[in-house]
Amino acid sequence: MLTPGIPKNQHENRLLKGLDPADFALLAQHLRQVPLLQGLVLQEQEAPVEQVYFPLSGVVSLASVMDGGLVVETTMVGSEGAIGAFAGLGPWNAFARAVVQIPGIAAVIPTAAFQIAVGESERIRDLILRYKEGLLVQVHQTAACNALHSVEARLARWLLQALDRVGDANIPLTQESIAQMLGVRRTTVTVIAGKLQSEGLISYHRGRIVVLNRSGLGQLSCECYKASRRRTGLAWRTANWPRPPKADSRGSS
């Protein structure tokens with residue numbers, strides 16, 4: 001259900017926060033607030049983009065869907081980005097399925113209204129182009145990670161990236177969802193999650209992961225977590241990437 005009116009917490013989204021009042025005003029009259037329910041598909045791969053979502057909280061997975069139905073995540077989007085923003089540059093079919101992994105809320109605008117605003121604002125267009133470059137960096141890094149690194153290291157990397165976006169050590173996520181995102185069997189995730197739990201890095205119970213030792217996950221993670229943050233920062237040429245939350249008191253970074 002859409003909530004009418006300008007989202008009061010629009011500045012929780014990095015892209016919207018980057019607009020000056022005049023540019024934001026071009027979007028404001030069309031923005032509405034919508035809940036991001038876990039499992040909700042915001043856009044389907046290869047389908048025309050009809051709405052642009054600016055997450056204010058939560059995490060959305062962008063995933064490639066194979067002809068046989070297999071799915072693997074290529075990157076994730078939180079309050080630092082948007083879903084469907086490239087449609088502001090012209091007619092656009094989604095390059096990936098966008099599905100909510102961690103629930104939250106978003107500001108949403110019809111694509112047609114967004115395209116008009118982009119046509120009237122060089123600043124909005126510039127933000128889209130910069131975001132496009134940053135998102136491609138993450139997609140390329142994830143592709144390399146999926147091909148070269150262990151499932152254990154990839155899971156640690158994913159949890160760190162999720163923590164950056166939700167700011168909470170409690171992550172509502174099932175093992176089935178994790179397996180789908182990483183492109184592995186559920187039994188594999190069960191074994192790895194059990195190992196991480198026995199090592200005191202996480203606790204897992206009934207579809208909820210609690211990160212107990214962030215610094216330990218950082219040591220277990222592959223290079224891709226830091227590389228993605230660094231390269232995305234270079235693409236944005238800015239230093240205001242969301243600061244990682246402290247998940248514990250034992251040397252969190």
# chains A, B, ... in the order shown; residues from 1 in each chain; ligands from 1
>>> select_by_dssp(residues="region 67-222 of chain A", states="strand (DSSP E)", output="PyMOL selection string")
chain A and resi 71-77+97-102+104-110+170-172+202-204+208-211
>>> write_last_selection(atoms="C-alpha atoms", output="PDB file, in the first residue's frame")
ATOM      1  CA  VAL A  71      18.837 -17.534  -9.399  1.00  0.00           C
ATOM      2  CA  VAL A  72      22.020 -15.900  -8.099  1.00  0.00           C
ATOM      3  CA  GLU A  73      22.510 -12.467  -6.602  1.00  0.00           C
ATOM      4  CA  THR A  74      24.718 -10.028  -8.501  1.00  0.00           C
ATOM      5  CA  THR A  75      24.590  -7.184  -5.976  1.00  0.00           C
ATOM      6  CA  MET A  76      22.460  -5.669  -3.232  1.00  0.00           C
ATOM      7  CA  VAL A  77      20.923  -2.219  -2.843  1.00  0.00           C
ATOM      8  CA  ARG A  97      15.150  -9.276 -10.838  1.00  0.00           C
ATOM      9  CA  ALA A  98      14.870  -7.013  -7.791  1.00  0.00           C
ATOM     10  CA  VAL A  99      13.530  -8.776  -4.702  1.00  0.00           C
ATOM     11  CA  VAL A 100      13.351  -7.549  -1.105  1.00  0.00           C
ATOM     12  CA  GLN A 101      15.610  -9.609   1.148  1.00  0.00           C
ATOM     13  CA  ILE A 102      15.469  -7.517   4.328  1.00  0.00           C
ATOM     14  CA  GLY A 104      12.083  -1.819   5.104  1.00  0.00           C
ATOM     15  CA  ILE A 105      10.463   1.151   3.388  1.00  0.00           C
ATOM     16  CA  ALA A 106      11.111   3.057   0.176  1.00  0.00           C
ATOM     17  CA  ALA A 107      10.177   6.256  -1.599  1.00  0.00           C
ATOM     18  CA  VAL A 108       8.762   5.390  -5.018  1.00  0.00           C
ATOM     19  CA  ILE A 109       8.061   7.475  -8.123  1.00  0.00           C
ATOM     20  CA  PRO A 110       6.485   6.508 -11.490  1.00  0.00           C
ATOM     21  CA  ASN A 170      19.944  -8.713  13.663  1.00  0.00           C
ATOM     22  CA  ILE A 171      19.271  -9.814  10.090  1.00  0.00           C
ATOM     23  CA  PRO A 172      15.955 -11.518   9.250  1.00  0.00           C
ATOM     24  CA  ILE A 202      26.926 -15.529  14.391  1.00  0.00           C
ATOM     25  CA  SER A 203      23.897 -17.064  15.995  1.00  0.00           C
ATOM     26  CA  TYR A 204      21.082 -18.437  13.875  1.00  0.00           C
ATOM     27  CA  ARG A 208      17.141 -14.741  11.862  1.00  0.00           C
ATOM     28  CA  ILE A 209      20.902 -14.268  11.864  1.00  0.00           C
ATOM     29  CA  VAL A 210      22.538 -12.263  14.643  1.00  0.00           C
ATOM     30  CA  VAL A 211      26.105 -11.128  14.001  1.00  0.00           C
TER      31      VAL A 211
END
>>> residues_around(residues="region 219-235 of chain A", least_positions_apart="5", cutoff="9 Å", atoms="only C-alpha atoms", output="PyMOL selection string")
chain A and resi 130-131+133-138+141-142+144-145+149-150+152-158+160-161+214+240-241
>>> residues_around(residues="region 12-14 of chain A", least_positions_apart="5", cutoff="6 Å", atoms="only C-alpha atoms", output="count of residues only")
3
>>> select_by_dssp(residues="region 1-245 of chain A", states="helix (DSSP H, G or I)", output="number ranges by chain")
A: 10-12, 14-17, 21-28, 85-89, 111-120, 122-148, 151-166, 175-182, 186-198, 214-220, 224-236
>>> closest_residue(among="A:Leu15, A:Val49, A:Val189, A:Ala162", to="Asn93 (chain A)", atoms="only C-alpha atoms")
A:Val49
>>> atom_distance(atom1="CA of Leu89 (chain A)", atom2="CA of Val118 (chain A)")
7.3 Å
>>> residues_around(residues="Val166 (chain A)", least_positions_apart="5", cutoff="8 Å", atoms="only C-alpha atoms", output="CSV table (one decimal) with N, CA and C atoms, in the first residue's frame")
chain,number,residue,atom,x,y,z
A,57,SER,N,15.2,2.2,4.0
A,57,SER,CA,15.7,1.2,4.9
A,57,SER,C,15.5,-0.2,4.2
A,58,GLY,N,16.1,-1.2,4.8
A,58,GLY,CA,16.0,-2.6,4.2
A,58,GLY,C,17.0,-2.8,3.1
A,59,VAL,N,17.0,-4.0,2.5
A,59,VAL,CA,17.9,-4.5,1.5
A,59,VAL,C,17.2,-5.2,0.4
A,78,GLY,N,20.7,-0.9,-0.9
A,78,GLY,CA,20.0,-0.4,0.3
A,78,GLY,C,19.8,1.1,0.2
